[in-house]
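As provided, model_1.cif (mmCIF, C-alpha atoms) reads as follows.
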data_protein
loop_
_atom_site.group_PDB
_atom_site.id
_atom_site.type_symbol
_atom_site.label_atom_id
_atom_site.label_comp_id
_atom_site.auth_asym_id
_atom_site.auth_seq_id
_atom_site.Cartn_x
_atom_site.Cartn_y
_atom_site.Cartn_z
ATOM 1 C CA MET A 1142 105.514 103.817 116.859
ATOM 2 C CA LEU A 1143 104.315 103.262 113.304
ATOM 3 C CA ILE A 1144 101.787 105.661 111.840
ATOM 4 C CA PHE A 1145 99.567 103.772 109.382
ATOM 5 C CA ARG A 1146 96.569 104.728 107.259
ATOM 6 C CA GLN A 1147 94.791 102.743 104.533
ATOM 7 C CA LEU A 1148 93.193 105.065 101.972
ATOM 8 C CA PHE A 1149 90.837 104.169 99.113
ATOM 9 C CA ASP A 1150 90.029 105.496 95.639
ATOM 10 C CA GLN A 1151 86.502 104.405 94.702
ATOM 11 C CA HIS A 1152 86.876 104.987 90.957
ATOM 12 C CA SER A 1153 89.734 102.497 90.520
ATOM 13 C CA SER A 1154 89.270 100.504 93.757
ATOM 14 C CA THR A 1155 92.894 101.318 94.574
ATOM 15 C CA TYR A 1156 94.360 101.266 98.068
ATOM 16 C CA THR A 1157 96.962 103.896 98.935
ATOM 17 C CA TYR A 1158 98.964 103.360 102.110
ATOM 18 C CA LEU A 1159 100.544 106.016 104.309
ATOM 19 C CA LEU A 1160 103.310 104.810 106.635
ATOM 20 C CA GLY A 1161 105.064 107.169 109.004
ATOM 21 C CA ASP A 1162 107.680 107.152 111.741
ATOM 22 C CA SER A 1163 106.206 108.881 114.804
ATOM 23 C CA ALA A 1164 109.591 110.025 116.127
ATOM 24 C CA SER A 1165 110.955 111.756 113.026
ATOM 25 C CA ARG A 1166 107.511 112.440 111.443
ATOM 26 C CA GLU A 1167 108.894 111.196 108.118
ATOM 27 C CA CYS A 1168 106.382 109.281 106.007
ATOM 28 C CA LEU A 1169 105.910 107.663 102.635
ATOM 29 C CA LEU A 1170 102.961 106.799 100.412
ATOM 30 C CA ILE A 1171 102.552 103.508 98.583
ATOM 31 C CA ASP A 1172 100.639 103.702 95.266
ATOM 32 C CA PRO A 1173 99.172 107.226 95.437
ATOM 33 C CA VAL A 1174 96.381 108.097 92.975
ATOM 34 C CA PHE A 1175 96.532 111.300 90.906
ATOM 35 C CA GLU A 1176 92.931 112.355 91.621
ATOM 36 C CA GLN A 1177 93.435 111.851 95.373
ATOM 37 C CA VAL A 1178 96.550 114.000 95.780
ATOM 38 C CA MET A 1179 94.647 116.821 97.524
ATOM 39 C CA ARG A 1180 93.290 114.314 100.036
ATOM 40 C CA ASP A 1181 96.751 112.891 100.661
ATOM 41 C CA CYS A 1182 98.314 116.346 101.004
ATOM 42 C CA ALA A 1183 95.665 117.337 103.522
ATOM 43 C CA MET A 1184 96.293 114.246 105.643
ATOM 44 C CA ILE A 1185 100.058 114.778 105.608
ATOM 45 C CA LYS A 1186 99.643 118.414 106.638
ATOM 46 C CA GLU A 1187 97.026 117.767 109.329
ATOM 47 C CA MET A 1188 99.133 115.012 110.909
ATOM 48 C CA GLY A 1189 102.309 117.106 110.862
ATOM 49 C CA LEU A 1190 104.224 114.675 108.652
ATOM 50 C CA LYS A 1191 107.003 115.098 106.106
ATOM 51 C CA LEU A 1192 106.599 113.112 102.892
ATOM 52 C CA VAL A 1193 110.009 111.726 101.927
ATOM 53 C CA ALA A 1194 109.008 109.221 99.229
ATOM 54 C CA THR A 1195 106.256 107.718 97.125
ATOM 55 C CA VAL A 1196 106.665 104.043 96.217
ATOM 56 C CA GLU A 1197 105.058 102.361 93.209
ATOM 57 C CA THR A 1198 104.421 98.625 93.430
ATOM 58 C CA HIS A 1199 104.240 98.475 89.596
ATOM 59 C CA VAL A 1200 103.190 100.385 86.475
ATOM 60 C CA HIS A 1201 99.447 100.674 86.978
ATOM 61 C CA ALA A 1202 96.965 100.189 84.143
ATOM 62 C CA ASP A 1203 93.820 101.307 85.986
ATOM 63 C CA HIS A 1204 94.798 104.712 87.356
ATOM 64 C CA VAL A 1205 97.451 107.416 87.032
ATOM 65 C CA THR A 1206 99.841 107.636 89.948
ATOM 66 C CA GLY A 1207 100.061 110.798 92.027
ATOM 67 C CA ALA A 1208 103.844 110.421 92.456
ATOM 68 C CA TRP A 1209 104.917 113.220 90.094
ATOM 69 C CA LEU A 1210 102.399 115.704 91.479
ATOM 70 C CA LEU A 1211 103.387 114.898 95.068
ATOM 71 C CA GLN A 1212 107.053 115.321 94.162
ATOM 72 C CA ASN A 1213 106.237 118.811 92.878
ATOM 73 C CA ARG A 1214 104.557 119.716 96.160
ATOM 74 C CA PHE A 1215 106.853 118.028 98.690
ATOM 75 C CA ALA A 1216 110.151 117.360 96.831
ATOM 76 C CA SER A 1217 109.585 113.699 97.737
ATOM 77 C CA GLU A 1218 111.565 110.932 96.064
ATOM 78 C CA ILE A 1219 109.803 108.712 93.542
ATOM 79 C CA VAL A 1220 110.703 105.057 94.112
ATOM 80 C CA VAL A 1221 110.034 102.417 91.435
ATOM 81 C CA SER A 1222 111.381 99.034 90.405
ATOM 82 C CA ALA A 1223 114.520 98.982 88.278
ATOM 83 C CA ASN A 1224 112.618 96.617 85.956
ATOM 84 C CA SER A 1225 109.568 98.856 85.572
ATOM 85 C CA GLY A 1226 110.623 100.808 82.481
ATOM 86 C CA VAL A 1227 109.629 104.052 84.217
ATOM 87 C CA LYS A 1228 111.552 107.216 83.302
ATOM 88 C CA GLY A 1229 112.176 110.160 85.615
ATOM 89 C CA ALA A 1230 112.114 108.472 89.020
ATOM 90 C CA ARG A 1231 114.610 109.470 91.711
ATOM 91 C CA HIS A 1232 115.301 106.005 93.109
ATOM 92 C CA TYR A 1233 115.212 102.623 91.329
ATOM 93 C CA VAL A 1234 115.083 99.548 93.564
ATOM 94 C CA SER A 1235 115.749 95.831 93.133
ATOM 95 C CA HIS A 1236 115.213 92.714 95.210
ATOM 96 C CA GLY A 1237 116.851 93.103 98.626
ATOM 97 C CA ASP A 1238 116.916 96.902 98.650
ATOM 98 C CA VAL A 1239 115.324 98.968 101.418
ATOM 99 C CA VAL A 1240 113.211 102.142 101.456
ATOM 100 C CA LEU A 1241 113.763 104.280 104.565
ATOM 101 C CA PHE A 1242 111.376 106.612 106.399
ATOM 102 C CA GLY A 1243 112.788 107.883 109.660
ATOM 103 C CA GLU A 1244 113.953 104.945 111.766
ATOM 104 C CA ARG A 1245 111.664 102.523 109.907
ATOM 105 C CA LYS A 1246 112.137 100.782 106.583
ATOM 106 C CA LEU A 1247 110.453 98.685 103.935
ATOM 107 C CA ASN A 1248 112.285 95.712 102.465
ATOM 108 C CA VAL A 1249 111.858 95.243 98.718
ATOM 109 C CA LEU A 1250 110.953 91.862 97.203
ATOM 110 C CA ALA A 1251 110.895 91.439 93.428
ATOM 111 C CA THR A 1252 107.562 89.714 92.695
ATOM 112 C CA PRO A 1253 107.022 89.841 88.904
ATOM 113 C CA GLY A 1254 104.185 88.037 87.167
ATOM 114 C CA HIS A 1255 101.546 90.750 86.821
ATOM 115 C CA THR A 1256 104.222 92.987 85.272
ATOM 116 C CA ASN A 1257 108.000 92.610 85.058
ATOM 117 C CA GLY A 1258 108.473 95.452 87.514
ATOM 118 C CA CYS A 1259 106.144 94.351 90.330
ATOM 119 C CA ILE A 1260 107.591 94.693 93.811
ATOM 120 C CA THR A 1261 106.280 93.704 97.223
ATOM 121 C CA LEU A 1262 107.148 95.792 100.288
ATOM 122 C CA VAL A 1263 107.707 94.167 103.689
ATOM 123 C CA LEU A 1264 107.722 96.240 106.895
ATOM 124 C CA ASP A 1265 110.955 95.912 108.877
ATOM 125 C CA ASP A 1266 109.410 93.744 111.633
ATOM 126 C CA ARG A 1267 107.633 91.551 109.047
ATOM 127 C CA SER A 1268 104.249 92.272 110.602
ATOM 128 C CA MET A 1269 102.848 93.846 107.406
ATOM 129 C CA VAL A 1270 103.394 93.338 103.681
ATOM 130 C CA PHE A 1271 102.142 95.424 100.756
ATOM 131 C CA THR A 1272 101.653 93.185 97.736
ATOM 132 C CA GLY A 1273 100.408 95.573 95.046
ATOM 133 C CA ASP A 1274 98.714 93.617 92.252
ATOM 134 C CA CYS A 1275 100.662 90.409 92.799
ATOM 135 C CA LEU A 1276 98.629 88.840 95.615
ATOM 136 C CA LEU A 1277 95.126 90.106 96.368
ATOM 137 C CA ILE A 1278 92.618 89.057 99.030
ATOM 138 C CA ARG A 1279 91.444 85.604 97.885
ATOM 139 C CA GLY A 1280 92.799 86.374 94.439
ATOM 140 C CA THR A 1281 95.782 87.580 92.421
ATOM 141 C CA GLY A 1282 96.595 90.175 89.816
ATOM 142 C CA ARG A 1283 95.882 89.247 86.214
ATOM 143 C CA THR A 1284 98.589 87.831 83.947
ATOM 144 C CA ASP A 1285 97.078 88.231 80.474
ATOM 145 C CA PHE A 1286 98.683 91.527 79.399
ATOM 146 C CA GLN A 1287 101.483 93.974 80.226
ATOM 147 C CA GLU A 1288 104.278 91.324 80.471
ATOM 148 C CA GLY A 1289 102.137 89.006 82.588
ATOM 149 C CA SER A 1290 103.162 85.416 83.304
ATOM 150 C CA SER A 1291 101.206 82.929 85.410
ATOM 151 C CA GLU A 1292 104.271 80.764 85.984
ATOM 152 C CA ILE A 1293 106.387 83.674 87.203
ATOM 153 C CA MET A 1294 103.585 84.990 89.444
ATOM 154 C CA PHE A 1295 103.098 81.549 91.033
ATOM 155 C CA GLN A 1296 106.810 81.403 91.813
ATOM 156 C CA SER A 1297 106.868 84.990 93.145
ATOM 157 C CA ILE A 1298 104.060 84.310 95.589
ATOM 158 C CA HIS A 1299 105.276 80.923 96.811
ATOM 159 C CA ASN A 1300 108.998 81.760 96.934
ATOM 160 C CA HIS A 1301 108.681 85.194 98.548
ATOM 161 C CA ILE A 1302 105.291 86.196 99.971
ATOM 162 C CA PHE A 1303 104.332 82.769 101.323
ATOM 163 C CA THR A 1304 107.697 82.467 103.088
ATOM 164 C CA LEU A 1305 106.786 85.380 105.381
ATOM 165 C CA PRO A 1306 105.396 84.623 108.865
ATOM 166 C CA ASP A 1307 101.862 83.212 108.787
ATOM 167 C CA SER A 1308 100.727 86.086 111.017
ATOM 168 C CA CYS A 1309 102.026 88.750 108.600
ATOM 169 C CA LEU A 1310 99.149 90.979 107.478
ATOM 170 C CA ILE A 1311 98.727 91.376 103.710
ATOM 171 C CA TYR A 1312 97.593 94.727 102.349
ATOM 172 C CA PRO A 1313 96.829 94.488 98.600
ATOM 173 C CA GLY A 1314 96.830 97.135 95.879
ATOM 174 C CA HIS A 1315 93.111 96.689 95.172
ATOM 175 C CA ASP A 1316 89.949 95.090 96.373
ATOM 176 C CA TYR A 1317 86.619 95.196 94.548
ATOM 177 C CA ARG A 1318 84.408 93.827 97.341
ATOM 178 C CA GLY A 1319 85.298 96.067 100.267
ATOM 179 C CA LEU A 1320 87.771 93.666 101.893
ATOM 180 C CA MET A 1321 90.710 95.462 103.492
ATOM 181 C CA VAL A 1322 93.300 93.051 104.846
ATOM 182 C CA THR A 1323 94.190 89.375 104.982
ATOM 183 C CA SER A 1324 97.133 87.334 106.254
ATOM 184 C CA VAL A 1325 99.751 85.000 104.829
ATOM 185 C CA LEU A 1326 98.148 82.019 106.539
ATOM 186 C CA GLU A 1327 94.666 82.862 105.267
ATOM 187 C CA GLU A 1328 95.835 83.077 101.671
ATOM 188 C CA LYS A 1329 97.822 79.841 101.959
ATOM 189 C CA LEU A 1330 94.668 78.087 103.123
ATOM 190 C CA PHE A 1331 91.798 79.801 101.364
ATOM 191 C CA ASN A 1332 92.979 81.578 98.194
ATOM 192 C CA PRO A 1333 91.026 79.711 95.464
ATOM 193 C CA ARG A 1334 93.639 80.427 92.807
ATOM 194 C CA LEU A 1335 96.748 79.155 94.588
ATOM 195 C CA GLY A 1336 96.036 78.132 98.172
ATOM 196 C CA GLY A 1337 95.933 74.622 99.614
ATOM 197 C CA GLU A 1338 97.070 71.936 97.165
ATOM 198 C CA VAL A 1339 96.789 74.087 94.019
ATOM 199 C CA ASN A 1340 99.831 73.514 91.783
ATOM 200 C CA LEU A 1341 101.323 75.521 88.915
ATOM 201 C CA GLN A 1342 99.277 73.710 86.275
ATOM 202 C CA ASP A 1343 96.039 74.404 88.172
ATOM 203 C CA PHE A 1344 96.959 78.039 88.625
ATOM 204 C CA SER A 1345 97.928 78.563 84.975
ATOM 205 C CA GLY A 1346 94.681 77.002 83.799
ATOM 206 C CA TYR A 1347 92.652 79.158 86.159
ATOM 207 C CA MET A 1348 94.386 82.355 85.002
ATOM 208 C CA ALA A 1349 94.073 81.460 81.305
ATOM 209 C CA ASN A 1350 90.303 81.221 81.597
ATOM 210 C CA LEU A 1351 89.486 84.429 83.487
ATOM 211 C CA LYS A 1352 88.475 86.235 80.269
ATOM 212 C CA LEU A 1353 88.650 89.722 81.790
ATOM 213 C CA SER A 1354 88.121 92.929 79.818
ATOM 214 C CA HIS A 1355 90.988 95.423 79.587
ATOM 215 C CA PRO A 1356 91.112 98.158 82.246
ATOM 216 C CA LYS A 1357 89.106 101.192 81.133
ATOM 217 C CA GLN A 1358 91.925 103.673 81.798
ATOM 218 C CA ILE A 1359 94.799 101.636 80.346
ATOM 219 C CA ASP A 1360 95.433 103.899 77.339
ATOM 220 C CA ARG A 1361 95.690 106.946 79.602
ATOM 221 C CA ALA A 1362 97.271 105.362 82.650
ATOM 222 C CA VAL A 1363 100.197 103.333 81.320
ATOM 223 C CA PRO A 1364 101.860 106.109 79.240
ATOM 224 C CA ALA A 1365 101.503 108.591 82.119
ATOM 225 C CA ASN A 1366 102.764 106.092 84.698
ATOM 226 C CA LEU A 1367 105.844 105.382 82.592
ATOM 227 C CA ARG A 1368 106.593 109.088 83.250
ATOM 228 C CA CYS A 1369 105.917 108.824 87.019
ATOM 229 C CA GLY A 1370 102.355 110.061 86.534
ATOM 230 C CA GLN A 1371 103.079 113.250 84.608
ATOM 231 C CA PRO A 1372 100.278 113.852 82.078
ATOM 232 C CA ASP A 1373 100.865 115.697 78.829
ATOM 233 C CA ASP A 1374 98.434 118.534 79.506
ATOM 234 C CA TYR A 1375 98.867 119.303 83.202
ATOM 235 C CA ASP A 1376 99.990 122.716 84.443
ATOM 236 C CA ALA A 1377 102.166 122.025 87.500
ATOM 237 C CA ILE A 1378 101.949 125.630 88.716
ATOM 238 C CA SER A 1379 98.978 125.914 91.058
ATOM 239 C CA LYS A 1380 96.854 129.028 90.927
ATOM 240 C CA THR A 1381 96.491 130.682 94.313
ATOM 241 C CA GLN A 1382 93.813 133.030 95.605
ATOM 242 C CA ASP A 1383 94.864 136.326 97.189
ATOM 243 C CA TRP A 1384 91.566 137.061 98.881
ATOM 244 C CA ALA A 1385 91.615 134.419 101.613
ATOM 245 C CA ASP A 1386 93.716 131.629 103.148
ATOM 246 C CA LEU A 1387 91.986 128.546 101.771
ATOM 247 C CA THR A 1388 92.910 125.099 103.060
ATOM 248 C CA TYR A 1389 91.645 121.755 101.758
ATOM 249 C CA SER A 1390 91.010 119.468 104.712
ATOM 250 C CA PHE A 1391 91.261 115.681 104.834
ATOM 251 C CA SER A 1392 87.471 115.632 105.297
ATOM 252 C CA GLY A 1393 87.182 117.046 101.762
ATOM 253 C CA ILE A 1394 86.125 120.594 102.642
ATOM 254 C CA TRP A 1395 87.672 123.885 101.533
ATOM 255 C CA GLU A 1396 88.085 126.019 104.657
ATOM 256 C CA ILE A 1397 88.979 129.673 105.252
ATOM 257 C CA GLN A 1398 91.631 129.842 107.946
ATOM 258 C CA PRO A 1399 91.476 132.525 110.663
ATOM 259 C CA THR A 1400 94.136 135.226 110.278
ATOM 260 C CA ALA A 1401 95.460 138.190 112.185
ATOM 261 C CA GLY A 1402 94.133 140.573 109.541
ATOM 262 C CA ARG A 1403 90.481 141.558 109.152
ATOM 263 C CA ILE A 1404 88.411 140.238 106.255
ATOM 264 C CA ILE A 1405 86.058 142.818 104.756
ATOM 265 C CA ILE A 1406 83.473 142.643 101.999
ATOM 266 C CA SER A 1407 83.883 145.050 99.112
ATOM 267 C CA SER A 1408 80.520 145.962 97.587
ATOM 268 C CA SER A 1409 82.207 147.218 94.407
ATOM 269 C CA ASN A 1410 83.369 143.818 93.247
ATOM 270 C CA SER A 1411 81.661 141.490 95.755
ATOM 271 C CA ARG A 1412 84.936 139.918 96.792
ATOM 272 C CA CYS A 1413 86.528 139.348 100.176
ATOM 273 C CA LYS A 1414 89.768 141.253 100.742
ATOM 274 C CA ARG A 1415 92.286 141.375 103.545
ATOM 275 C CA ALA A 1416 92.225 144.704 105.415
#

Please, can you express the file's structure as structure tokens?
Amino acid sequence: MLIFRQLFDQHSSTYTYLLGDSASRECLLIDPVFEQVMRDCAMIKEMGLKLVATVETHVHADHVTGAWLLQNRFASEIVVSANSGVKGARHYVSHGDVVLFGERKLNVLATPGHTNGCITLVLDDRSMVFTGDCLLIRGTGRTDFQEGSSEIMFQSIHNHIFTLPDSCLIYPGHDYRGLMVTSVLEEKLFNPRLGGEVNLQDFSGYMANLKLSHPKQIDRAVPANLRCGQPDDYDAISKTQDWADLTYSFSGIWEIQPTAGRIIISSSNSRCKRA
């Protein structure tokens, strides 16, 4: 059985996806966010999973990936496109490659257009597809910076994503309206940018006139993401407390875990200590 969770970062409107194999308990994360690593770690621990890989759908301009930090904590592989320009990853993938987690796998489709290194990830039974910033719900990623090309994106979507089964569920990299999932058939019919009878000329004209502002975090995010999310000023060595067993839960609460030893209060320094 597939273990699946759709997680959300409100600041960047980014979806992170956890997929796990229930038999082996191996899992992977698609597009983790740096600021949400504690949340993701808590979920993995609480569900008894083993993180084997993080997969980036592209070099993000709106947030820093959590891939490097998760690799430090779990020794997980960092998986990126061979065309991404990213340095320091463990595994570089191209069109037709697979990413394994237990007995399950994701098939890699090269879907450039938003960036040169955009990939789409198709679940082995073709029931789910993770499209990153290529195809969104009733929209697409932008093509006006970072190697973008409307013509290439149009071809990527029609030649690869739209050839999947109509019933295949599409999970995008972002949504700014609270929408969570769509399907191949829905986007073929109702996507205003490229559904129905929209041709390449229509699509290119639409994309050329979006007039969007640059992402607010682009100057911070892109350089860090080209290093798998490693910032210049981050200390990878976590500081631990010796006065209690603290655990960060998926609900977002720091908890003191019960232990065999007694916890006493020292009036001299007003700190808890293990007896």

- Which residues, written as a list in words, have at least one atom at most 9 Å from Val1325 in chain A, with only C-alpha atoms counted and residues fewer than 5 positions away on the same chain left out?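 The contact residues come out as Ile1302, Phe1303, Thr1304, Leu1305, Pro1306, Asp1307, Ser1308, Cys1309, Leu1310, Ile1311 and Leu1330 of chain A.
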
- Query: Do you have the CA of Ala1362 in chain A-CA of Val1174 in chain A distance handy?
  - Reply: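 About the pair CA of Ala1362 in chain A and CA of Val1174 in chain A: they are 10.7 Å apart.
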
- Message: Considering all atoms listed in the file, can you say which of A:Pro1364, A:Gly1243, A:Gly1314, A:Gly1337 comes closest to Cys1275 in chain A?
- Response: A:Gly1314

Around all the atoms of range 1293-1300 of chain A listed in the file, with 6 Å of room on each side, what axis-aligned box do you get, giving centre and edge lengths in Å to one decimal, as lines of an AutoDock Vina configuration file?
center_x = 106.0
center_y = 83.0
center_z = 92.1
size_x = 17.9
size_y = 16.1
size_z = 21.7

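Close contacts of Ala1183 in chain A, defined as residues with an atom at most 8 Å away when counting all atoms listed in the file, with chain neighbours fewer than 3 positions off set aside, comprise A:Met1179, A:Arg1180, A:Lys1186, A:Glu1187, A:Tyr1389, A:Ser1390, A:Phe1391.
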
Could you write out that same residue set with C-alpha atoms as a PDB file, keeping the file's coordinate frame?
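And here is the file that came out, selection.pdb:
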ATOM      1  CA  MET A1179      94.647 116.821  97.524  1.00  0.00           C
ATOM      2  CA  ARG A1180      93.290 114.314 100.036  1.00  0.00           C
ATOM      3  CA  LYS A1186      99.643 118.414 106.638  1.00  0.00           C
ATOM      4  CA  GLU A1187      97.026 117.767 109.329  1.00  0.00           C
ATOM      5  CA  TYR A1389      91.645 121.755 101.758  1.00  0.00           C
ATOM      6  CA  SER A1390      91.010 119.468 104.712  1.00  0.00           C
ATOM      7  CA  PHE A1391      91.261 115.681 104.834  1.00  0.00           C
TER       8      PHE A1391
END

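Relative to CA of Glu1244 in chain A, CA of Leu1326 in chain A is found at 28.3 Å.
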
- Message: Using the chain letters and numbers from this file, what does the PyMOL selection byres ((chain A and resi 1239) around 10) select? Give the answer as JSON, numbers by chain.
- Response: {"A": [1234, 1235, 1236, 1237, 1238, 1240, 1241, 1242, 1245, 1246, 1247, 1248, 1249, 1250, 1262, 1263, 1264, 1265]}

Output for the residues just chosen: C-alpha atoms as an mmCIF file, keeping the file's coordinate frame:
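Full text of selection_28.cif as output:
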data_model
loop_
_atom_site.group_PDB
_atom_site.id
_atom_site.type_symbol
_atom_site.label_atom_id
_atom_site.label_comp_id
_atom_site.auth_asym_id
_atom_site.auth_seq_id
_atom_site.Cartn_x
_atom_site.Cartn_y
_atom_site.Cartn_z
ATOM 1 C CA VAL A 1234 115.083 99.548 93.564
ATOM 2 C CA SER A 1235 115.749 95.831 93.133
ATOM 3 C CA HIS A 1236 115.213 92.714 95.210
ATOM 4 C CA GLY A 1237 116.851 93.103 98.626
ATOM 5 C CA ASP A 1238 116.916 96.902 98.650
ATOM 6 C CA VAL A 1240 113.211 102.142 101.456
ATOM 7 C CA LEU A 1241 113.763 104.280 104.565
ATOM 8 C CA PHE A 1242 111.376 106.612 106.399
ATOM 9 C CA ARG A 1245 111.664 102.523 109.907
ATOM 10 C CA LYS A 1246 112.137 100.782 106.583
ATOM 11 C CA LEU A 1247 110.453 98.685 103.935
ATOM 12 C CA ASN A 1248 112.285 95.712 102.465
ATOM 13 C CA VAL A 1249 111.858 95.243 98.718
ATOM 14 C CA LEU A 1250 110.953 91.862 97.203
ATOM 15 C CA LEU A 1262 107.148 95.792 100.288
ATOM 16 C CA VAL A 1263 107.707 94.167 103.689
ATOM 17 C CA LEU A 1264 107.722 96.240 106.895
ATOM 18 C CA ASP A 1265 110.955 95.912 108.877
#

- Selection result of the PyMOL selection byres ((chain A and resi 1194) around 10) on this file, as a list of chain:residue names: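 Applied to this file, the PyMOL selection byres ((chain A and resi 1194) around 10) returns A:Glu1167, A:Cys1168, A:Leu1169, A:Leu1170, A:Ile1171, A:Lys1191, A:Leu1192, A:Val1193, A:Thr1195, A:Val1196, A:Glu1197, A:Ala1208, A:Leu1211, A:Gln1212, A:Phe1215, A:Ala1216, A:Ser1217, A:Glu1218, A:Ile1219, A:Val1220, A:Arg1231, A:His1232, A:Val1240, A:Leu1241, A:Phe1242.
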
- Closest of A:Phe1286, A:Phe1145, A:Phe1295, A:Trp1395 to Thr1157 in chain A - atom-to-atom distances counting all atoms listed in the file: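 Nearest candidate to Thr1157 in chain A out of A:Phe1286, A:Phe1145, A:Phe1295, A:Trp1395: A:Phe1145.
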
- Query: Once the PyMOL selection byres ((chain A and resi 1289) around 8) has been applied to the shown file, what residues remain in the selection, as a list in words?
  - Reply: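 For this structure, the PyMOL selection byres ((chain A and resi 1289) around 8) resolves to Gly1254, His1255, Thr1256, Asn1257, Arg1283, Thr1284, Asp1285, Phe1286, Gln1287, Glu1288, Ser1290 and Ser1291 of chain A.
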
- Would you mind telling me which residue in A:Val1221, A:Gly1229, A:His1199, A:Gly1319 lies nearest to Gly1282 in chain A when using all atoms listed in the file?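 Checking each of A:Val1221, A:Gly1229, A:His1199, A:Gly1319 against Gly1282 in chain A, counting all atoms listed in the file, the winner is A:His1199.
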
- Note on the structure: Counting only C-alpha atoms, closest pick from A:Thr1272, A:Thr1198, A:Ser1153, A:Gln1342 relative to Cys1259 in chain A is A:Thr1198

- Message: List the spatial neighbours of Arg1361 in chain A as number ranges by chain - criterion: any atom at most 10 Å away, only C-alpha atoms, same-chain residues fewer than 6 positions off excluded.
- Response: A: 1202-1205, 1372

- Note on the structure: From CA of Val1339 in chain A to CA of Tyr1312 in chain A the spacing works out at 22.3 Å

- Item | Which of A:Val1227, A:Met1321, A:Val1200, A:Ile1185 sits closest to Ser1154 in chain A [using only C-alpha atoms] |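 For Ser1154 in chain A, the nearest of the candidates is A:Met1321.
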
Exercise: residues within 6 Å of coordinate (112.6, 95.1, 87.5), counting all atoms listed in the file, as a PDB file with C-alpha atoms, keeping the file's coordinate frame:
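The resulting file, selection-v2.pdb, is shown below:
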ATOM      1  CA  SER A1222     111.381  99.034  90.405  1.00  0.00           C
ATOM      2  CA  ALA A1223     114.520  98.982  88.278  1.00  0.00           C
ATOM      3  CA  ASN A1224     112.618  96.617  85.956  1.00  0.00           C
ATOM      4  CA  SER A1225     109.568  98.856  85.572  1.00  0.00           C
ATOM      5  CA  ASN A1257     108.000  92.610  85.058  1.00  0.00           C
ATOM      6  CA  GLY A1258     108.473  95.452  87.514  1.00  0.00           C
TER       7      GLY A1258
END

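Distances to Thr1323 in chain A were evaluated for A:Met1269, A:Ile1293, A:Leu1341, A:Cys1369 using all atoms listed in the file, and the minimum falls at A:Met1269.
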
- Query: What's the 8 Å shell around Arg1166 in chain A, counting all atoms listed in the file, without same-chain residues fewer than 3 positions away, as a count of residues only?
  - Reply: 7
